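Student: Sending over model-v8.cif (mmCIF, C-alpha atoms, pLDDT in the B column; chains and numbers go by the auth columns).
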data_entry
#
loop_
_atom_site.group_PDB
_atom_site.id
_atom_site.type_symbol
_atom_site.label_atom_id
_atom_site.label_comp_id
_atom_site.label_asym_id
_atom_site.label_seq_id
_atom_site.Cartn_x
_atom_site.Cartn_y
_atom_site.Cartn_z
_atom_site.B_iso_or_equiv
_atom_site.auth_seq_id
_atom_site.auth_asym_id
ATOM 1 C CA MET A 1 137.771 124.957 83.309 71.00 1361 A
ATOM 2 C CA SER A 2 136.197 123.425 80.238 80.00 1362 A
ATOM 3 C CA ALA A 3 133.422 124.114 77.774 89.00 1363 A
ATOM 4 C CA ILE A 4 130.172 122.179 77.688 87.00 1364 A
ATOM 5 C CA VAL A 5 130.242 119.096 75.488 83.00 1365 A
ATOM 6 C CA TRP A 6 126.897 117.869 74.166 83.00 1366 A
ATOM 7 C CA ASP A 7 125.953 114.298 73.339 77.00 1367 A
ATOM 8 C CA ASP A 8 129.042 112.686 74.859 77.00 1368 A
ATOM 9 C CA ILE A 9 128.718 108.951 74.281 72.00 1369 A
ATOM 10 C CA SER A 10 129.425 108.267 77.966 70.00 1370 A
ATOM 11 C CA ASP A 11 126.345 110.338 78.923 75.00 1371 A
ATOM 12 C CA ARG A 12 123.881 108.455 76.731 78.00 1372 A
ATOM 13 C CA GLU A 13 122.023 106.645 79.467 81.00 1373 A
ATOM 14 C CA TYR A 14 118.310 106.029 79.730 84.00 1374 A
ATOM 15 C CA GLU A 15 115.858 104.120 81.904 85.00 1375 A
ATOM 16 C CA THR A 16 114.028 101.171 80.458 83.00 1376 A
ATOM 17 C CA GLY A 17 112.226 98.098 81.679 87.00 1377 A
ATOM 18 C CA LEU A 18 110.845 96.818 84.945 93.00 1378 A
ATOM 19 C CA ASP A 19 111.801 93.623 86.746 95.00 1379 A
ATOM 20 C CA LYS A 20 112.318 91.811 90.059 96.00 1380 A
ATOM 21 C CA GLY A 21 109.048 92.779 91.713 97.00 1381 A
ATOM 22 C CA VAL A 22 108.733 91.540 95.303 98.00 1382 A
ATOM 23 C CA LEU A 23 105.636 91.675 97.517 98.00 1383 A
ATOM 24 C CA TYR A 24 106.136 92.037 101.278 98.00 1384 A
ATOM 25 C CA PRO A 25 102.876 91.134 103.099 97.00 1385 A
ATOM 26 C CA PRO A 26 102.701 92.452 106.676 94.00 1386 A
ATOM 27 C CA ALA A 27 102.398 89.026 108.302 88.00 1387 A
ATOM 28 C CA ASP A 28 103.553 86.518 105.664 90.00 1388 A
ATOM 29 C CA PRO A 29 106.899 85.786 103.980 94.00 1389 A
ATOM 30 C CA ALA A 30 107.942 87.888 100.995 97.00 1390 A
ATOM 31 C CA VAL A 31 107.089 86.455 97.565 97.00 1391 A
ATOM 32 C CA PRO A 32 108.142 87.311 94.009 97.00 1392 A
ATOM 33 C CA TRP A 33 105.663 89.241 91.896 97.00 1393 A
ATOM 34 C CA ASN A 34 105.797 87.608 88.475 95.00 1394 A
ATOM 35 C CA GLY A 35 103.806 89.295 85.735 92.00 1395 A
ATOM 36 C CA LEU A 36 104.309 92.883 86.930 95.00 1396 A
ATOM 37 C CA THR A 37 104.096 94.971 83.746 95.00 1397 A
ATOM 38 C CA SER A 38 104.280 98.618 84.799 95.00 1398 A
ATOM 39 C CA VAL A 39 104.378 101.055 87.690 95.00 1399 A
ATOM 40 C CA VAL A 40 103.465 104.628 86.772 94.00 1400 A
ATOM 41 C CA GLU A 41 104.734 106.854 89.570 92.00 1401 A
ATOM 42 C CA LYS A 42 102.720 110.048 89.934 91.00 1402 A
ATOM 43 C CA PHE A 43 104.237 113.324 91.023 84.00 1403 A
ATOM 44 C CA ASP A 44 101.474 114.661 93.215 79.00 1404 A
ATOM 45 C CA GLN A 45 102.520 118.305 93.235 83.00 1405 A
ATOM 46 C CA GLU A 46 100.593 121.521 92.804 87.00 1406 A
ATOM 47 C CA ARG A 47 101.797 124.987 91.856 90.00 1407 A
ATOM 48 C CA GLN A 48 100.304 127.959 93.611 92.00 1408 A
ATOM 49 C CA PRO A 49 101.304 131.384 92.220 92.00 1409 A
ATOM 50 C CA VAL A 50 101.970 134.235 94.655 94.00 1410 A
ATOM 51 C CA TYR A 51 100.997 137.777 93.687 94.00 1411 A
ATOM 52 C CA TYR A 52 101.976 141.056 95.333 94.00 1412 A
ATOM 53 C CA ASP A 53 100.406 144.345 94.234 93.00 1413 A
ATOM 54 C CA GLY A 54 99.050 142.636 91.141 92.00 1414 A
ATOM 55 C CA ARG A 55 102.441 141.227 90.105 96.00 1415 A
ATOM 56 C CA LYS A 56 103.500 137.613 90.250 93.00 1416 A
ATOM 57 C CA ILE A 57 106.530 137.278 92.511 94.00 1417 A
ATOM 58 C CA ASN A 58 106.833 133.560 93.224 95.00 1418 A
ATOM 59 C CA ASP A 59 105.509 130.034 92.705 93.00 1419 A
ATOM 60 C CA LEU A 60 104.790 127.919 95.766 92.00 1420 A
ATOM 61 C CA VAL A 61 105.054 124.187 95.116 89.00 1421 A
ATOM 62 C CA ILE A 62 102.751 122.097 97.292 87.00 1422 A
ATOM 63 C CA LEU A 63 104.163 118.591 97.638 87.00 1423 A
ATOM 64 C CA GLY A 64 101.957 115.534 97.860 86.00 1424 A
ATOM 65 C CA ASP A 65 102.647 111.961 98.944 91.00 1425 A
ATOM 66 C CA PHE A 66 103.511 108.839 96.984 92.00 1426 A
ATOM 67 C CA GLU A 67 100.937 107.716 94.437 95.00 1427 A
ATOM 68 C CA ALA A 68 101.244 105.326 91.497 96.00 1428 A
ATOM 69 C CA THR A 69 99.298 103.186 89.071 97.00 1429 A
ATOM 70 C CA MET A 70 100.430 99.561 88.948 97.00 1430 A
ATOM 71 C CA LYS A 71 99.559 97.016 86.260 96.00 1431 A
ATOM 72 C CA ALA A 72 100.147 93.267 86.041 96.00 1432 A
ATOM 73 C CA ILE A 73 98.928 90.265 84.075 94.00 1433 A
ATOM 74 C CA THR A 74 98.940 88.180 87.240 94.00 1434 A
ATOM 75 C CA PHE A 75 99.615 88.631 90.932 95.00 1435 A
ATOM 76 C CA PRO A 76 100.709 86.478 93.893 94.00 1436 A
ATOM 77 C CA ASP A 77 98.017 84.586 95.770 90.00 1437 A
ATOM 78 C CA GLU A 78 99.057 86.474 98.903 92.00 1438 A
ATOM 79 C CA PHE A 79 98.055 89.755 97.267 95.00 1439 A
ATOM 80 C CA ALA A 80 94.373 88.847 96.947 92.00 1440 A
ATOM 81 C CA GLU A 81 93.685 89.459 100.629 92.00 1441 A
ATOM 82 C CA LEU A 82 95.766 92.642 100.606 95.00 1442 A
ATOM 83 C CA GLU A 83 93.582 94.189 97.895 94.00 1443 A
ATOM 84 C CA GLY A 84 90.364 93.257 99.715 92.00 1444 A
ATOM 85 C CA MET A 85 89.534 89.620 98.916 90.00 1445 A
ATOM 86 C CA ALA A 86 89.103 87.716 102.162 87.00 1446 A
ATOM 87 C CA HIS A 87 90.149 84.036 102.072 82.00 1447 A
ATOM 88 C CA SER A 88 87.470 82.289 104.125 80.00 1448 A
ATOM 89 C CA VAL A 89 88.061 78.596 103.341 85.00 1449 A
ATOM 90 C CA PRO A 90 90.369 76.935 100.813 83.00 1450 A
ATOM 91 C CA GLY A 91 89.228 77.898 97.337 83.00 1451 A
ATOM 92 C CA MET A 92 86.694 80.539 98.386 86.00 1452 A
ATOM 93 C CA PHE A 93 87.159 84.311 98.597 86.00 1453 A
ATOM 94 C CA LEU A 94 84.830 87.076 99.764 91.00 1454 A
ATOM 95 C CA GLY A 95 85.002 90.348 97.853 87.00 1455 A
ATOM 96 C CA ASN A 96 84.602 93.929 99.010 86.00 1456 A
ATOM 97 C CA GLN A 97 86.684 93.518 102.148 90.00 1457 A
ATOM 98 C CA LYS A 98 88.964 96.130 103.695 92.00 1458 A
ATOM 99 C CA PRO A 99 92.399 96.315 101.983 93.00 1459 A
ATOM 100 C CA THR A 100 95.605 95.849 103.980 95.00 1460 A
ATOM 101 C CA SER A 101 98.811 97.851 103.577 97.00 1461 A
ATOM 102 C CA PHE A 102 101.993 96.117 102.418 98.00 1462 A
ATOM 103 C CA GLY A 103 105.534 96.707 101.157 98.00 1463 A
ATOM 104 C CA LEU A 104 106.775 96.412 97.594 98.00 1464 A
ATOM 105 C CA SER A 105 110.061 96.563 95.722 98.00 1465 A
ATOM 106 C CA TYR A 106 110.952 96.539 92.035 97.00 1466 A
ATOM 107 C CA ARG A 107 113.776 97.582 89.732 96.00 1467 A
ATOM 108 C CA THR A 108 113.849 99.998 86.784 95.00 1468 A
ATOM 109 C CA LEU A 109 116.738 99.299 84.416 93.00 1469 A
ATOM 110 C CA ILE A 110 119.347 101.765 83.134 92.00 1470 A
ATOM 111 C CA GLY A 111 120.748 101.303 79.612 88.00 1471 A
ATOM 112 C CA ASP A 112 123.503 102.992 77.600 82.00 1472 A
ATOM 113 C CA SER A 113 124.083 104.019 73.978 77.00 1473 A
ATOM 114 C CA THR A 114 125.004 100.460 72.974 75.00 1474 A
ATOM 115 C CA GLY A 115 121.714 99.086 74.242 74.00 1475 A
ATOM 116 C CA ASN A 116 123.384 97.210 77.095 79.00 1476 A
ATOM 117 C CA PRO A 117 122.229 97.479 80.722 82.00 1477 A
ATOM 118 C CA VAL A 118 124.625 99.472 82.899 89.00 1478 A
ATOM 119 C CA GLY A 119 122.704 99.353 86.153 94.00 1479 A
ATOM 120 C CA TYR A 120 119.309 99.801 87.723 96.00 1480 A
ATOM 121 C CA LYS A 121 117.342 101.738 90.300 96.00 1481 A
ATOM 122 C CA LEU A 122 115.929 99.733 93.166 98.00 1482 A
ATOM 123 C CA HIS A 123 112.579 101.119 94.342 97.00 1483 A
ATOM 124 C CA ILE A 124 111.433 100.270 97.878 98.00 1484 A
ATOM 125 C CA LEU A 125 107.874 101.183 98.890 98.00 1485 A
ATOM 126 C CA TYR A 126 106.447 101.247 102.416 98.00 1486 A
ATOM 127 C CA ASN A 127 102.885 101.342 103.813 97.00 1487 A
ATOM 128 C CA ILE A 128 101.245 100.892 100.423 97.00 1488 A
ATOM 129 C CA THR A 129 97.504 100.459 99.924 97.00 1489 A
ATOM 130 C CA ALA A 130 96.222 99.141 96.576 97.00 1490 A
ATOM 131 C CA ILE A 131 92.764 100.042 95.288 95.00 1491 A
ATOM 132 C CA PRO A 132 91.801 97.826 92.314 94.00 1492 A
ATOM 133 C CA ALA A 133 90.523 99.426 89.124 93.00 1493 A
ATOM 134 C CA ASP A 134 87.538 98.151 87.144 90.00 1494 A
ATOM 135 C CA ARG A 135 88.110 94.779 85.457 87.00 1495 A
ATOM 136 C CA THR A 136 86.519 93.703 82.208 85.00 1496 A
ATOM 137 C CA TYR A 137 86.078 90.006 81.424 84.00 1497 A
ATOM 138 C CA ALA A 138 84.995 89.508 77.811 83.00 1498 A
ATOM 139 C CA THR A 139 83.836 86.415 75.966 85.00 1499 A
ATOM 140 C CA GLN A 140 86.480 84.230 74.351 85.00 1500 A
ATOM 141 C CA THR A 141 87.267 84.920 70.672 85.00 1501 A
ATOM 142 C CA ASP A 142 89.657 83.651 68.011 84.00 1502 A
ATOM 143 C CA SER A 143 92.061 86.367 69.157 81.00 1503 A
ATOM 144 C CA PRO A 144 92.078 86.099 72.944 77.00 1504 A
ATOM 145 C CA SER A 145 93.830 88.784 74.985 81.00 1505 A
ATOM 146 C CA LEU A 146 95.175 88.728 78.503 85.00 1506 A
ATOM 147 C CA VAL A 147 93.325 90.543 81.241 88.00 1507 A
ATOM 148 C CA GLU A 148 95.617 93.242 82.640 92.00 1508 A
ATOM 149 C CA PHE A 149 94.936 94.015 86.281 95.00 1509 A
ATOM 150 C CA GLU A 150 95.361 97.548 87.556 96.00 1510 A
ATOM 151 C CA TRP A 151 95.562 99.209 90.964 97.00 1511 A
ATOM 152 C CA GLU A 152 95.902 102.721 92.290 96.00 1512 A
ATOM 153 C CA LEU A 153 98.651 102.801 94.907 97.00 1513 A
ATOM 154 C CA THR A 154 98.983 105.259 97.763 96.00 1514 A
ATOM 155 C CA GLY A 155 101.582 105.300 100.506 96.00 1515 A
ATOM 156 C CA ILE A 156 101.666 106.581 104.079 96.00 1516 A
ATOM 157 C CA PRO A 157 104.976 108.418 104.533 95.00 1517 A
ATOM 158 C CA GLU A 158 107.307 107.863 107.459 96.00 1518 A
ATOM 159 C CA GLU A 159 109.675 110.280 109.157 94.00 1519 A
ATOM 160 C CA VAL A 160 113.170 110.619 107.674 93.00 1520 A
ATOM 161 C CA PRO A 161 115.816 112.570 109.641 88.00 1521 A
ATOM 162 C CA ARG A 162 116.597 115.937 107.989 88.00 1522 A
ATOM 163 C CA PHE A 163 114.184 115.244 105.122 92.00 1523 A
ATOM 164 C CA ARG A 164 110.490 115.350 104.365 92.00 1524 A
ATOM 165 C CA PRO A 165 108.551 112.171 105.285 94.00 1525 A
ATOM 166 C CA THR A 166 108.311 109.626 102.462 95.00 1526 A
ATOM 167 C CA ALA A 167 107.093 106.127 101.585 96.00 1527 A
ATOM 168 C CA HIS A 168 109.478 105.716 98.629 97.00 1528 A
ATOM 169 C CA ILE A 169 113.211 104.937 98.746 97.00 1529 A
ATOM 170 C CA ILE A 170 115.279 104.701 95.537 97.00 1530 A
ATOM 171 C CA VAL A 171 118.743 103.120 95.424 97.00 1531 A
ATOM 172 C CA ASP A 172 120.856 103.693 92.289 96.00 1532 A
ATOM 173 C CA SER A 173 123.206 100.782 91.575 96.00 1533 A
ATOM 174 C CA THR A 174 125.525 103.010 89.530 92.00 1534 A
ATOM 175 C CA GLU A 175 126.279 105.244 92.527 91.00 1535 A
ATOM 176 C CA ILE A 176 125.932 103.197 95.727 92.00 1536 A
ATOM 177 C CA ASP A 177 128.838 101.133 97.058 88.00 1537 A
ATOM 178 C CA SER A 178 128.607 97.714 95.419 89.00 1538 A
ATOM 179 C CA GLU A 179 129.226 95.871 98.692 87.00 1539 A
ATOM 180 C CA LEU A 180 126.460 97.789 100.435 91.00 1540 A
ATOM 181 C CA LEU A 181 124.109 97.130 97.504 95.00 1541 A
ATOM 182 C CA GLY A 182 124.848 93.413 97.737 94.00 1542 A
ATOM 183 C CA LEU A 183 124.078 93.374 101.444 93.00 1543 A
ATOM 184 C CA LEU A 184 120.840 95.297 100.846 96.00 1544 A
ATOM 185 C CA GLU A 185 119.697 92.854 98.165 97.00 1545 A
ATOM 186 C CA ASP A 186 120.526 89.919 100.424 96.00 1546 A
ATOM 187 C CA ILE A 187 118.065 91.413 102.913 96.00 1547 A
ATOM 188 C CA LEU A 188 115.336 92.170 100.364 97.00 1548 A
ATOM 189 C CA TYR A 189 115.705 89.028 98.218 97.00 1549 A
ATOM 190 C CA GLY A 190 117.031 86.527 100.760 96.00 1550 A
ATOM 191 C CA THR A 191 119.958 84.123 100.571 95.00 1551 A
ATOM 192 C CA GLU A 192 120.461 80.386 100.912 93.00 1552 A
ATOM 193 C CA SER A 193 120.462 80.818 104.683 92.00 1553 A
ATOM 194 C CA THR A 194 118.132 83.810 105.237 94.00 1554 A
ATOM 195 C CA ASP A 195 114.554 84.623 104.227 95.00 1555 A
ATOM 196 C CA PRO A 196 113.768 87.786 102.246 97.00 1556 A
ATOM 197 C CA GLU A 197 112.309 90.600 104.297 96.00 1557 A
ATOM 198 C CA LEU A 198 111.520 94.293 104.242 97.00 1558 A
ATOM 199 C CA PRO A 199 112.973 95.832 107.409 95.00 1559 A
ATOM 200 C CA PRO A 200 111.161 98.746 109.071 96.00 1560 A
ATOM 201 C CA MET A 201 112.032 101.958 107.244 96.00 1561 A
ATOM 202 C CA ALA A 202 113.829 103.404 110.275 95.00 1562 A
ATOM 203 C CA ASP A 203 116.076 100.323 110.470 95.00 1563 A
ATOM 204 C CA LEU A 204 116.734 100.341 106.726 95.00 1564 A
ATOM 205 C CA LEU A 205 117.702 104.024 106.793 94.00 1565 A
ATOM 206 C CA ILE A 206 120.100 103.445 109.678 90.00 1566 A
ATOM 207 C CA PHE A 207 121.627 100.538 107.767 90.00 1567 A
ATOM 208 C CA LEU A 208 122.078 102.575 104.579 91.00 1568 A
ATOM 209 C CA LEU A 209 123.215 105.831 106.179 85.00 1569 A
ATOM 210 C CA SER A 210 125.573 104.451 108.824 78.00 1570 A
ATOM 211 C CA TRP A 211 127.190 101.654 106.816 79.00 1571 A
ATOM 212 C CA PHE A 212 130.820 102.011 105.831 71.00 1572 A
ATOM 213 C CA SER A 213 133.658 99.768 104.794 68.00 1573 A
ATOM 214 C CA VAL A 214 137.323 99.773 105.742 68.00 1574 A
ATOM 215 C CA ILE A 215 139.911 98.299 103.390 69.00 1575 A
ATOM 216 C CA VAL A 216 143.366 97.434 104.727 69.00 1576 A
ATOM 217 C CA VAL A 217 146.152 96.801 102.213 72.00 1577 A
ATOM 218 C CA ASP A 218 149.390 95.050 103.183 71.00 1578 A
ATOM 219 C CA ASN A 219 152.135 96.939 101.358 74.00 1579 A
ATOM 220 C CA GLY A 220 154.525 93.988 101.687 77.00 1580 A
ATOM 221 C CA ASP A 221 157.286 96.013 103.356 77.00 1581 A
ATOM 222 C CA GLY A 222 156.140 95.859 106.953 71.00 1582 A
ATOM 223 C CA THR A 223 153.622 98.660 106.494 72.00 1583 A
ATOM 224 C CA TRP A 224 149.932 98.704 105.583 70.00 1584 A
ATOM 225 C CA THR A 225 147.481 101.260 104.250 73.00 1585 A
ATOM 226 C CA ALA A 226 143.848 101.701 105.290 71.00 1586 A
ATOM 227 C CA TYR A 227 141.015 103.250 103.282 67.00 1587 A
ATOM 228 C CA SER A 228 137.491 104.067 104.409 67.00 1588 A
ATOM 229 C CA SER A 229 134.375 105.126 102.529 61.00 1589 A
ATOM 230 C CA GLN A 230 133.332 107.327 105.471 61.00 1590 A
ATOM 231 C CA PRO A 231 135.126 110.315 107.058 61.00 1591 A
ATOM 232 C CA ASP A 232 136.437 110.384 110.640 63.00 1592 A
ATOM 233 C CA VAL A 233 136.939 106.612 110.783 62.00 1593 A
ATOM 234 C CA ILE A 234 140.693 106.710 110.142 64.00 1594 A
ATOM 235 C CA VAL A 235 142.216 109.364 112.414 60.00 1595 A
ATOM 236 C CA PRO A 236 145.902 110.420 112.250 58.00 1596 A
ATOM 237 C CA ASP A 237 147.744 109.711 115.520 50.00 1597 A
ATOM 238 C CA SER A 238 151.105 111.187 114.665 50.00 1598 A
ATOM 239 C CA PRO A 239 151.425 112.727 111.201 52.00 1599 A
ATOM 240 C CA ASP A 240 155.203 113.017 111.624 55.00 1600 A
ATOM 241 C CA VAL A 241 155.690 109.245 111.538 54.00 1601 A
ATOM 242 C CA GLY A 242 152.629 108.337 109.446 58.00 1602 A
ATOM 243 C CA GLU A 243 150.758 106.511 112.194 59.00 1603 A
ATOM 244 C CA PHE A 244 146.980 106.525 112.472 59.00 1604 A
ATOM 245 C CA GLU A 245 144.144 104.963 114.398 60.00 1605 A
ATOM 246 C CA ILE A 246 141.047 103.195 113.062 60.00 1606 A
ATOM 247 C CA THR A 247 138.037 103.996 115.252 60.00 1607 A
ATOM 248 C CA GLU A 248 134.652 102.293 115.676 60.00 1608 A
ATOM 249 C CA VAL A 249 136.035 99.068 114.183 60.00 1609 A
ATOM 250 C CA THR A 250 136.840 95.744 115.815 61.00 1610 A
ATOM 251 C CA GLY A 251 138.925 92.913 114.415 60.00 1611 A
ATOM 252 C CA THR A 252 138.123 89.212 114.371 62.00 1612 A
ATOM 253 C CA TYR A 253 140.826 86.704 113.498 60.00 1613 A
ATOM 254 C CA LEU A 254 139.717 84.229 110.838 61.00 1614 A
ATOM 255 C CA ASP A 255 142.995 82.297 110.912 63.00 1615 A
ATOM 256 C CA ALA A 256 146.603 82.889 111.975 60.00 1616 A
ATOM 257 C CA ASP A 257 147.247 85.352 109.144 61.00 1617 A
ATOM 258 C CA THR A 258 143.794 86.819 108.374 61.00 1618 A
ATOM 259 C CA TYR A 259 141.359 88.918 110.329 60.00 1619 A
ATOM 260 C CA GLN A 260 138.098 90.664 109.600 61.00 1620 A
ATOM 261 C CA LEU A 261 137.259 94.230 110.593 58.00 1621 A
ATOM 262 C CA ASP A 262 133.745 94.816 111.928 58.00 1622 A
ATOM 263 C CA VAL A 263 131.874 97.966 112.845 46.00 1623 A
ATOM 264 C CA SER A 264 131.466 98.202 116.601 43.00 1624 A
#
Please go through the file and, once you have read it, give me the structure as structure tokens.
Tutor:
Amino acid sequence: MSAIVWDDISDREYETGLDKGVLYPPADPAVPWNGLTSVVEKFDQERQPVYYDGRKINDLVILGDFEATMKAITFPDEFAELEGMAHSVPGMFLGNQKPTSFGLSYRTLIGDSTGNPVGYKLHILYNITAIPADRTYATQTDSPSLVEFEWELTGIPEEVPRFRPTAHIIVDSTEIDSELLGLLEDILYGTESTDPELPPMADLLIFLLSWFSVIVVDNGDGTWTAYSSQPDVIVPDSPDVGEFEITEVTGTYLDADTYQLDVS
């Protein structure tokens, strides 16, 4: 047991900054969102007091769905149609059209007491509709200012096993397995050989919840040791002699002395 210690230097973390915005149109390739300045996430919750015989006995919290206010100094060309600007012919748009839902991802940075970044939270949004706010275009002056665009975002939640439906997934880089995070970002941001994409939420949840890694270490004495990030993957066969079995994994030989373990 130990006493509480306040203001430990290792606990001085804070969230700051916004970067790596990506727009995922429903029918077009994903594109970077340069110029994204802020996303104000709203906690759409209401408190309803409960009284019994004139005495307050409880507070019921009524949960809402994802809502946010997003601001940017510019936006991808692909976003114009999503917010309700129909592209009829090259160079001409028609306003007041029906908006289209889309996906979005962005990062919020985590800093420490030294001012250095220590990680980030990756926000993944599904089924988002953007309603543009009023825009003011003023005459040019000696001190011109940028027009900041603004939208009200709402999301249609999807089913999540064992949890309440949601349209918002958050991945914390300081807690998730670094290999899994790398694979996730390869999907969302693309690689030299693959295009960026936003998988269906059900597929992404299966990927995140069922993923695990197995590490096999050659001890150099004729024995080896296996580690897994998930339980029930390495099962003891005979505790008396230290033998065990690795389940749900297949091996692929890369060369005569190296092989790769894959989830079956």
Student: Residues at most 9 Å from Tyr1384 of chain A, counting only C-alpha atoms, excluding those fewer than 6 positions away in the same chain, as a PyMOL selection string?
Tutor: chain A and resi 1390-1392+1462-1465+1556-1558
Student: Restricting the calculation to all atoms listed in the file, which member of A:Ala1387, A:Ile1470, A:Leu1423, A:Val1531 is positioned closest to Arg1407 of chain A?
Tutor: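 Selected residue with least distance to Arg1407 of chain A: A:Leu1423.
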Student: Would you mind telling me which residue in A:Glu1508, A:Asp1367, A:Asp1388, A:Glu1401 lies nearest to Thr1468 of chain A when using only C-alpha atoms?
Tutor: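 So, comparing all the options, the nearest one is A:Glu1401.
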Student: Between A:Pro1477, A:Gly1550, A:Val1507, A:Arg1467, which residue has the minimum interatomic distance to Ile1529 of chain A, considering only C-alpha atoms?
Tutor: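 Ranking A:Pro1477, A:Gly1550, A:Val1507, A:Arg1467 by distance to Ile1529 of chain A, first place goes to A:Arg1467.
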Student: Give me the residues near Tyr1486 of chain A as an MDAnalysis selection string, where near means some atom within 12 Å (using only C-alpha atoms) and where sequence neighbours in that chain fewer than 5 positions away do not count.
Tutor: chainID A and resid 1383:1386 1425:1427 1461:1465 1513:1519 1525:1530 1558:1562 1564
Student: So how far away is atom CA of Glu1438 of chain A from atom CA of Gly1395 of chain A, in Å?
Tutor: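 According to the coordinates, atom CA of Gly1395 of chain A and atom CA of Glu1438 of chain A are separated by 14.3 Å.
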Student: When you draw a straight line from atom CA of Tyr1466 of chain A to atom CA of Gly1381 of chain A, how long is it in Å?
Tutor: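 Computed distance, atom CA of Tyr1466 of chain A to atom CA of Gly1381 of chain A, equals 4.2 Å.
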Student: Rounded to one decimal in Å, what is the spacing between atom CA of Thr1460 of chain A and atom CA of Tyr1480 of chain A?
Tutor: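 Computed distance, atom CA of Thr1460 of chain A to atom CA of Tyr1480 of chain A, equals 29.0 Å.
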Student: Let me know the residues the PyMOL selection byres ((chain A and resi 1471) around 9) catches in the file above, as a PyMOL selection string.
Tutor: chain A and resi 1372-1376+1469-1470+1472-1480
Student: Taking 6 positions as the minimum chain separation for residues in the same chain, which residues sit within 8 Å of Phe1509 of chain A when counting all atoms listed in the file? Answer as a PyMOL selection string.
Tutor: chain A and resi 1431-1434+1492-1493+1495
Student: Considering all atoms listed in the file, state which residue in the set A:Val1421, A:Met1430, A:Val1410, A:Ala1363 is at the smallest distance from Leu1378 of chain A.
Tutor: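 Between A:Val1421, A:Met1430, A:Val1410, A:Ala1363, the residue approaching Leu1378 of chain A most closely is A:Met1430.
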Student: Could you work out an axis-aligned bounding box for all listed atoms of segment 1414-1431 of chain A, with 4 Å added on each of the six sides, and give its centre and edge lengths in Å to one decimal, as JSON?
Tutor:
{"center_x": 102.9, "center_y": 119.8, "center_z": 92.6, "size_x": 15.8, "size_y": 53.6, "size_z": 20.7}
Student: I'd like to know which of A:Glu1443, A:Asp1413, A:Asp1419, A:Asp1578 is closest to Asn1456 of chain A, using all atoms listed in the file.
Tutor: A:Glu1443
Student: From the set A:Glu1510, A:Glu1552, A:Asp1581, A:Asp1537, which residue has the shortest atom-to-atom contact distance to Phe1435 of chain A, counting all atoms listed in the file?
Tutor: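 Going through A:Glu1510, A:Glu1552, A:Asp1581, A:Asp1537 one by one, the smallest distance to Phe1435 of chain A is for A:Glu1510.
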